[in-house]
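Structure first, commentary second.
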Amino acid sequence: MPKALIQIAYRQIIDIASNGAFEQNVWKDSYSEFQIQIQTYNQDNRYKTWEELKADNGKAAFNIPYKVGFSIGLYVKGLNGKMPHLQDSLGRNHIPFANHEFEIVASDITNEQAHVVALTYTSDTLTLFDSIGDHMLLAEGDKTLAGETIDMFSLKMQPHLSIIKYRPL
Amino acid sequence: MQRKDFLKNSVGMISLASIIPAFNSCNKEDAVDDETSGSDTSDGCAVTDSETDGPYPLYNSRGSSIQRTNIADGKPGIPLNINITIRNVNDNCNVVSNARVDIWHCDKDGYYSGYTNSGYLGTQNNSSEVFCRGLQYTDASGVVKFSSIYPGWYSGRVTHIHAQVFVNNVLKLTTQIAFPEDINTAVYNTTLYAAHGQNSTKNTSDSIIRDSLDNELALVAANSTGGYDLVHTIYIAA
């Protein structure tokens, strides 16, 4: 018997050292766009880092991340709804996400090496059947009424992975 | 094109009334606003060399979900063709090619894409949407074109489009584009827009646009396909 309906979130940190075409594209283009978008709030060049501006200007803290996020929208679309890097116990890259959130963790208009962003991918509903050690036994969607054989996968709890919604059955 | 040529060539195409605002706009500072709050000012007076290397639109656009000409994303509304020309007051009001122009506006019900916002239909989480947002680089004639829908309105603001202009990746101007009042009224009387009714805020009472109508009011005319054509010139100091 399934135990709960859950949603999981996986947060991917991307910095200058991140490998992979997707990661490098996201890092590079989000830094270019950050330098474009910060100008609206930095016309007197008071701010060098994202952290300084964010602490000082709530409007910038709100507007800049979602506008920079547009610059990498097609890369995220290219993931075809599968969370990058997160693999099930068989090493398959198929964990689906329904939404994503882009975040600027740190940046510096004079030092690209300081640019760090994060993408948090949120799944749709998953059915949690059991947990075995540090592995969750899951199925996509709500399988509480399923009467036939269910496609399942197991996923190891790991850093940057969390259950964000839990509905006990 | 020199300014005198522009004026001479324009007389045949557009009315004198529309030229006068363009004339004045060479000296006008535009209001800066964003969709989320308040206003600011900017003089955008930094002088840049228009002959230097342009931005790299292909490089910059590879991942962009908003670099496109059709920005409606299937949102219902009366079609609006947007034609914006960028001119440089520091260069005899000649056109500026390869300038990046970002525009964004609300949907027919007054909601923006990109974040969660509230309106007369309640709160909508549009954070994963990019409707009614676009960016293009001006062509050799200094023109960018977008196809969208006629914007609706939200409480406290008159109908408007936001625009930002960058030259060589440097922000030159953040401004807004206003619509003729009679056309707003006609559009908001149509079936698609009628549920929200007429906007009590007018161009002359809008806190951002009322002092900028001489240079922010676009030419908008009905076209033969049931939509509207918007033509506007933005003057920057580059």
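A note on labels: chains of the structure tokens are A, B, ... as shown, every chain counts residues from 1, and ligands are counted from 1 in their shown order.
Residues of stretch 41-117 of chain A carrying a DSSP assignment of alpha helix (DSSP H), computed from the backbone, are Trp50, Glu51, Glu52, Leu53, Lys54, Ala55, Asp56, Gly58, Lys59, Ala60, Ala61, Phe62, Asn63, Ile64, Pro65, Tyr66, Lys67, Val68, Gly69, Phe70, Gly73, Leu74, Tyr75, Val76 and Lys77 of chain A.
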Would you mind exporting N, CA, C and O atoms of the selected residues as a compact mmCIF listing (two decimals), in the first residue's frame?
# COMPACT_ATOMS: atom_id res chain seq x y z
N TRP A 50 26.10 41.21 -6.63
CA TRP A 50 24.67 40.93 -6.51
C TRP A 50 24.22 41.01 -5.06
O TRP A 50 23.15 41.53 -4.75
N GLU A 51 25.07 40.51 -4.16
CA GLU A 51 24.71 40.49 -2.75
C GLU A 51 24.50 41.92 -2.22
O GLU A 51 23.55 42.18 -1.46
N GLU A 52 25.35 42.85 -2.62
CA GLU A 52 25.21 44.25 -2.17
C GLU A 52 23.89 44.84 -2.68
O GLU A 52 23.14 45.47 -1.94
N LEU A 53 23.63 44.66 -3.96
CA LEU A 53 22.43 45.24 -4.56
C LEU A 53 21.17 44.61 -3.96
O LEU A 53 20.21 45.31 -3.62
N LYS A 54 21.19 43.30 -3.83
CA LYS A 54 20.03 42.57 -3.33
C LYS A 54 19.65 43.03 -1.92
O LYS A 54 18.47 43.18 -1.59
N ALA A 55 20.67 43.26 -1.10
CA ALA A 55 20.42 43.68 0.28
C ALA A 55 19.86 45.10 0.33
O ALA A 55 19.13 45.46 1.25
N ASP A 56 20.17 45.89 -0.68
CA ASP A 56 19.87 47.32 -0.66
C ASP A 56 18.60 47.69 -1.41
O ASP A 56 18.04 48.76 -1.19
N GLY A 58 15.04 46.11 -2.80
CA GLY A 58 14.08 45.01 -2.87
C GLY A 58 13.51 44.80 -4.26
O GLY A 58 13.24 43.68 -4.68
N LYS A 59 13.33 45.91 -4.98
CA LYS A 59 12.77 45.81 -6.33
C LYS A 59 13.74 45.08 -7.26
O LYS A 59 13.34 44.22 -8.06
N ALA A 60 15.02 45.40 -7.13
CA ALA A 60 16.04 44.71 -7.93
C ALA A 60 16.13 43.25 -7.53
O ALA A 60 16.24 42.36 -8.38
N ALA A 61 16.05 42.99 -6.22
CA ALA A 61 16.14 41.61 -5.73
C ALA A 61 15.02 40.76 -6.31
O ALA A 61 15.19 39.58 -6.58
N PHE A 62 13.88 41.40 -6.54
CA PHE A 62 12.74 40.68 -7.12
C PHE A 62 12.84 40.60 -8.65
O PHE A 62 12.63 39.54 -9.24
N ASN A 63 13.13 41.71 -9.29
CA ASN A 63 13.03 41.77 -10.76
C ASN A 63 14.19 41.11 -11.50
O ASN A 63 13.98 40.49 -12.55
N ILE A 64 15.41 41.29 -11.00
CA ILE A 64 16.56 40.82 -11.78
C ILE A 64 16.56 39.30 -11.98
O ILE A 64 16.75 38.84 -13.10
N PRO A 65 16.31 38.50 -10.94
CA PRO A 65 16.37 37.04 -11.17
C PRO A 65 15.38 36.55 -12.23
O PRO A 65 15.74 35.75 -13.09
N TYR A 66 14.14 37.03 -12.20
CA TYR A 66 13.21 36.46 -13.18
C TYR A 66 13.51 36.98 -14.59
O TYR A 66 13.31 36.26 -15.57
N LYS A 67 14.04 38.19 -14.68
CA LYS A 67 14.39 38.70 -16.02
C LYS A 67 15.64 37.99 -16.56
O LYS A 67 15.72 37.67 -17.74
N VAL A 68 16.61 37.74 -15.70
CA VAL A 68 17.79 36.98 -16.14
C VAL A 68 17.36 35.55 -16.49
O VAL A 68 17.87 34.95 -17.45
N GLY A 69 16.39 35.04 -15.76
CA GLY A 69 15.88 33.69 -16.03
C GLY A 69 15.35 33.53 -17.45
O GLY A 69 15.44 32.44 -18.02
N PHE A 70 14.81 34.61 -18.04
CA PHE A 70 14.32 34.50 -19.42
C PHE A 70 15.45 34.15 -20.39
O PHE A 70 15.22 33.52 -21.41
N GLY A 73 15.83 30.41 -20.73
CA GLY A 73 14.57 29.67 -20.83
C GLY A 73 14.63 28.53 -21.84
O GLY A 73 14.08 27.45 -21.61
N LEU A 74 15.30 28.77 -22.99
CA LEU A 74 15.33 27.72 -24.01
C LEU A 74 16.23 26.56 -23.59
O LEU A 74 15.99 25.41 -23.98
N TYR A 75 17.26 26.84 -22.81
CA TYR A 75 18.11 25.75 -22.30
C TYR A 75 17.30 24.85 -21.38
O TYR A 75 17.40 23.62 -21.43
N VAL A 76 16.50 25.48 -20.51
CA VAL A 76 15.68 24.69 -19.59
C VAL A 76 14.64 23.89 -20.39
O VAL A 76 14.40 22.71 -20.11
N LYS A 77 14.09 24.53 -21.41
CA LYS A 77 13.12 23.83 -22.26
C LYS A 77 13.78 22.61 -22.90
O LYS A 77 13.15 21.56 -23.07
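Near A:Leu90, within 12 Å and counting only C-alpha atoms, sit Ile95, Met152, Phe153, Ser154, Leu155 and Lys156 of chain A; same-chain residues fewer than 5 positions away were not included.
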Writing out the chosen residues with N, CA and C atoms as a short mmCIF file (atom, residue, chain, number, x, y, z; two decimals), in the first residue's frame:
data_model
loop_
_atom_site.label_atom_id
_atom_site.label_comp_id
_atom_site.auth_asym_id
_atom_site.auth_seq_id
_atom_site.Cartn_x
_atom_site.Cartn_y
_atom_site.Cartn_z
N ILE A 95 13.86 11.68 -13.96
CA ILE A 95 12.96 12.21 -12.93
C ILE A 95 12.31 13.49 -13.50
N MET A 152 7.69 1.59 -11.38
CA MET A 152 8.26 2.25 -10.19
C MET A 152 9.74 2.53 -10.41
N PHE A 153 10.27 3.37 -9.57
CA PHE A 153 11.72 3.60 -9.56
C PHE A 153 12.13 3.93 -8.13
N SER A 154 13.40 3.73 -7.85
CA SER A 154 13.85 4.12 -6.52
C SER A 154 14.89 5.23 -6.64
N LEU A 155 14.82 6.10 -5.66
CA LEU A 155 15.65 7.31 -5.70
C LEU A 155 16.31 7.50 -4.33
N LYS A 156 17.60 7.72 -4.38
CA LYS A 156 18.35 7.87 -3.13
C LYS A 156 18.24 9.31 -2.62
#
*asked:* Which residue is closest to B:Pro151? Choose from B:Tyr137, B:Tyr120, B:Tyr235, B:Phe131 and count only C-alpha atoms.
replied: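 Nearest to B:Pro151: B:Phe131.
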*When you get a sec, could you note down which chain B residues fall within 6 Å of chain A, using only C-alpha atoms, as number ranges by chain?*
B: 63-65
*Contacts of A:Val116 at 8 Å or less, counting only C-alpha atoms, minus same-chain residues fewer than 3 places along, as number ranges by chain?*
A: 13-16, 27, 104-107
*Distance query stretch 124-129 of chain A at most 12 Å, only C-alpha atoms, self and fewer than 2 positions along chain excluded, as a PyMOL selection string*: chain A and resi 1-9+81-83+95-100+121-122+131-132+135-146+150-155+163-169
Per residue of stretch 137-203 of chain B within 12 Å of stretch 101-105 of chain B, which atom pair is closest and at what distance in Å (one decimal), using only C-alpha atoms, listed by chain and increasing number, as a Markdown table?
| residue | atom | partner | partner_atom | distance |
| --- | --- | --- | --- | --- |
| B:Tyr137 | CA | B:Val101 | CA | 6.1 |
| B:Thr138 | CA | B:Val101 | CA | 7.3 |
| B:Asp139 | CA | B:Val101 | CA | 11.0 |
| B:Gly142 | CA | B:Val101 | CA | 10.4 |
| B:Val143 | CA | B:Val101 | CA | 9.4 |
| B:Val144 | CA | B:Val101 | CA | 7.4 |
| B:Lys145 | CA | B:Val101 | CA | 9.8 |
| B:Phe146 | CA | B:Ile103 | CA | 9.1 |
| B:Ser147 | CA | B:Ile103 | CA | 11.3 |
| B:Ser148 | CA | B:His105 | CA | 9.5 |
| B:Ile149 | CA | B:His105 | CA | 9.4 |
| B:Tyr150 | CA | B:His105 | CA | 9.1 |
| B:Pro151 | CA | B:His105 | CA | 6.4 |
| B:Gly152 | CA | B:His105 | CA | 8.6 |
| B:Trp153 | CA | B:His105 | CA | 9.4 |
| B:Tyr154 | CA | B:His105 | CA | 10.9 |
| B:Arg157 | CA | B:His105 | CA | 11.8 |
| B:Val158 | CA | B:His105 | CA | 11.6 |
| B:Thr159 | CA | B:His105 | CA | 8.9 |
| B:His160 | CA | B:His105 | CA | 6.9 |
| B:Ile161 | CA | B:His105 | CA | 4.9 |
| B:His162 | CA | B:Trp104 | CA | 5.2 |
| B:Ala163 | CA | B:Ile103 | CA | 4.4 |
| B:Gln164 | CA | B:Asp102 | CA | 5.1 |
| B:Val165 | CA | B:Val101 | CA | 4.7 |
| B:Phe166 | CA | B:Val101 | CA | 6.5 |
| B:Val167 | CA | B:Val101 | CA | 9.0 |
| B:Asn168 | CA | B:Val101 | CA | 11.5 |
| B:Asn169 | CA | B:Val101 | CA | 10.6 |
| B:Val170 | CA | B:Val101 | CA | 11.5 |
| B:Leu171 | CA | B:Val101 | CA | 9.9 |
| B:Lys172 | CA | B:Val101 | CA | 10.2 |
| B:Leu173 | CA | B:Val101 | CA | 9.7 |
| B:Thr174 | CA | B:Asp102 | CA | 9.4 |
| B:Thr175 | CA | B:Ile103 | CA | 9.6 |
| B:Gln176 | CA | B:Ile103 | CA | 9.0 |
| B:Ile177 | CA | B:Ile103 | CA | 9.6 |
| B:Ala178 | CA | B:His105 | CA | 11.2 |
Residues just named, written with N, CA, C and O atoms as a compact mmCIF listing (two decimals), in the first residue's frame:
# COMPACT_ATOMS: atom_id res chain seq x y z
N TYR B 137 16.65 42.94 -31.93
CA TYR B 137 17.67 43.92 -32.27
C TYR B 137 17.22 44.70 -33.50
O TYR B 137 16.68 44.10 -34.45
N THR B 138 17.41 46.01 -33.46
CA THR B 138 16.94 46.83 -34.58
C THR B 138 17.67 46.48 -35.87
O THR B 138 18.86 46.14 -35.86
N ASP B 139 16.93 46.57 -36.98
CA ASP B 139 17.52 46.30 -38.29
C ASP B 139 18.24 47.56 -38.80
O ASP B 139 18.40 48.54 -38.07
N GLY B 142 16.73 50.79 -38.16
CA GLY B 142 16.50 51.15 -36.76
C GLY B 142 15.18 50.64 -36.22
O GLY B 142 14.67 51.15 -35.22
N VAL B 143 14.63 49.62 -36.87
CA VAL B 143 13.27 49.17 -36.54
C VAL B 143 13.27 47.78 -35.90
O VAL B 143 14.03 46.90 -36.30
N VAL B 144 12.42 47.61 -34.89
CA VAL B 144 12.06 46.28 -34.39
C VAL B 144 10.56 46.11 -34.55
O VAL B 144 9.79 47.08 -34.44
N LYS B 145 10.15 44.87 -34.81
CA LYS B 145 8.72 44.58 -34.98
C LYS B 145 8.34 43.41 -34.08
O LYS B 145 9.08 42.44 -33.96
N PHE B 146 7.19 43.55 -33.47
CA PHE B 146 6.64 42.46 -32.67
C PHE B 146 5.16 42.29 -33.04
O PHE B 146 4.49 43.27 -33.40
N SER B 147 4.67 41.07 -32.92
CA SER B 147 3.22 40.90 -32.99
C SER B 147 2.74 40.40 -31.64
O SER B 147 3.32 39.48 -31.06
N SER B 148 1.70 41.04 -31.15
CA SER B 148 1.22 40.73 -29.80
C SER B 148 -0.29 40.92 -29.76
O SER B 148 -0.98 40.81 -30.79
N ILE B 149 -0.80 41.16 -28.58
CA ILE B 149 -2.22 41.48 -28.41
C ILE B 149 -2.32 42.86 -27.77
O ILE B 149 -1.38 43.32 -27.09
N TYR B 150 -3.44 43.50 -27.98
CA TYR B 150 -3.66 44.81 -27.35
C TYR B 150 -3.68 44.60 -25.84
O TYR B 150 -4.43 43.76 -25.33
N PRO B 151 -2.84 45.34 -25.11
CA PRO B 151 -2.78 45.12 -23.66
C PRO B 151 -4.08 45.51 -22.97
O PRO B 151 -4.80 46.40 -23.44
N GLY B 152 -4.37 44.84 -21.87
CA GLY B 152 -5.46 45.27 -21.01
C GLY B 152 -4.95 46.32 -20.03
O GLY B 152 -4.01 47.06 -20.35
N TRP B 153 -5.54 46.35 -18.86
CA TRP B 153 -5.11 47.35 -17.87
C TRP B 153 -5.27 46.77 -16.48
O TRP B 153 -5.96 45.78 -16.27
N TYR B 154 -4.56 47.38 -15.55
CA TYR B 154 -4.70 46.99 -14.15
C TYR B 154 -4.85 48.25 -13.32
O TYR B 154 -4.48 49.35 -13.76
N ARG B 157 -3.09 52.13 -13.31
CA ARG B 157 -2.26 52.48 -14.48
C ARG B 157 -3.11 52.50 -15.74
O ARG B 157 -4.01 51.69 -15.92
N VAL B 158 -2.75 53.42 -16.62
CA VAL B 158 -3.37 53.45 -17.94
C VAL B 158 -2.66 52.43 -18.82
O VAL B 158 -1.57 51.94 -18.48
N THR B 159 -3.27 52.08 -19.95
CA THR B 159 -2.69 51.11 -20.88
C THR B 159 -1.28 51.54 -21.31
O THR B 159 -1.09 52.70 -21.69
N HIS B 160 -0.34 50.61 -21.25
CA HIS B 160 1.04 50.98 -21.62
C HIS B 160 1.84 49.74 -21.98
O HIS B 160 1.49 48.62 -21.61
N ILE B 161 2.93 49.98 -22.69
CA ILE B 161 3.95 48.95 -22.95
C ILE B 161 5.25 49.48 -22.35
O ILE B 161 5.58 50.66 -22.51
N HIS B 162 5.98 48.62 -21.67
CA HIS B 162 7.31 48.98 -21.17
C HIS B 162 8.33 48.72 -22.27
O HIS B 162 8.21 47.76 -23.03
N ALA B 163 9.35 49.56 -22.32
CA ALA B 163 10.42 49.33 -23.30
C ALA B 163 11.76 49.72 -22.69
O ALA B 163 11.86 50.68 -21.92
N GLN B 164 12.77 48.92 -23.03
CA GLN B 164 14.14 49.25 -22.64
C GLN B 164 15.01 49.13 -23.87
O GLN B 164 14.83 48.22 -24.69
N VAL B 165 15.96 50.07 -23.99
CA VAL B 165 16.83 50.08 -25.16
C VAL B 165 18.28 49.99 -24.70
O VAL B 165 18.72 50.76 -23.82
N PHE B 166 19.01 49.05 -25.30
CA PHE B 166 20.44 48.87 -25.00
C PHE B 166 21.23 49.04 -26.29
O PHE B 166 20.82 48.55 -27.34
N VAL B 167 22.35 49.73 -26.19
CA VAL B 167 23.27 49.83 -27.33
C VAL B 167 24.61 49.27 -26.86
O VAL B 167 25.14 49.70 -25.84
N ASN B 168 25.13 48.34 -27.62
CA ASN B 168 26.36 47.65 -27.22
C ASN B 168 26.26 47.13 -25.78
O ASN B 168 27.21 47.24 -24.99
N ASN B 169 25.10 46.59 -25.46
CA ASN B 169 24.85 46.01 -24.14
C ASN B 169 24.83 47.03 -23.01
O ASN B 169 24.89 46.65 -21.84
N VAL B 170 24.76 48.31 -23.34
CA VAL B 170 24.67 49.35 -22.32
C VAL B 170 23.25 49.92 -22.33
O VAL B 170 22.73 50.29 -23.39
N LEU B 171 22.64 49.96 -21.16
CA LEU B 171 21.28 50.48 -21.05
C LEU B 171 21.25 51.97 -21.40
O LEU B 171 21.96 52.77 -20.79
N LYS B 172 20.43 52.33 -22.38
CA LYS B 172 20.32 53.73 -22.78
C LYS B 172 19.04 54.37 -22.29
O LYS B 172 19.01 55.57 -22.05
N LEU B 173 17.97 53.58 -22.21
CA LEU B 173 16.71 54.18 -21.81
C LEU B 173 15.72 53.12 -21.34
O LEU B 173 15.62 52.06 -21.94
N THR B 174 15.02 53.44 -20.26
CA THR B 174 13.86 52.66 -19.86
C THR B 174 12.67 53.58 -19.99
O THR B 174 12.68 54.68 -19.44
N THR B 175 11.68 53.18 -20.75
CA THR B 175 10.57 54.09 -21.02
C THR B 175 9.27 53.32 -21.14
O THR B 175 9.23 52.10 -20.91
N GLN B 176 8.21 54.02 -21.46
CA GLN B 176 6.92 53.37 -21.67
C GLN B 176 6.27 53.96 -22.91
O GLN B 176 6.62 55.06 -23.35
N ILE B 177 5.33 53.19 -23.46
CA ILE B 177 4.62 53.61 -24.66
C ILE B 177 3.13 53.67 -24.31
O ILE B 177 2.57 52.70 -23.78
N ALA B 178 2.52 54.82 -24.60
CA ALA B 178 1.11 55.02 -24.27
C ALA B 178 0.24 54.86 -25.52
O ALA B 178 0.73 54.94 -26.65
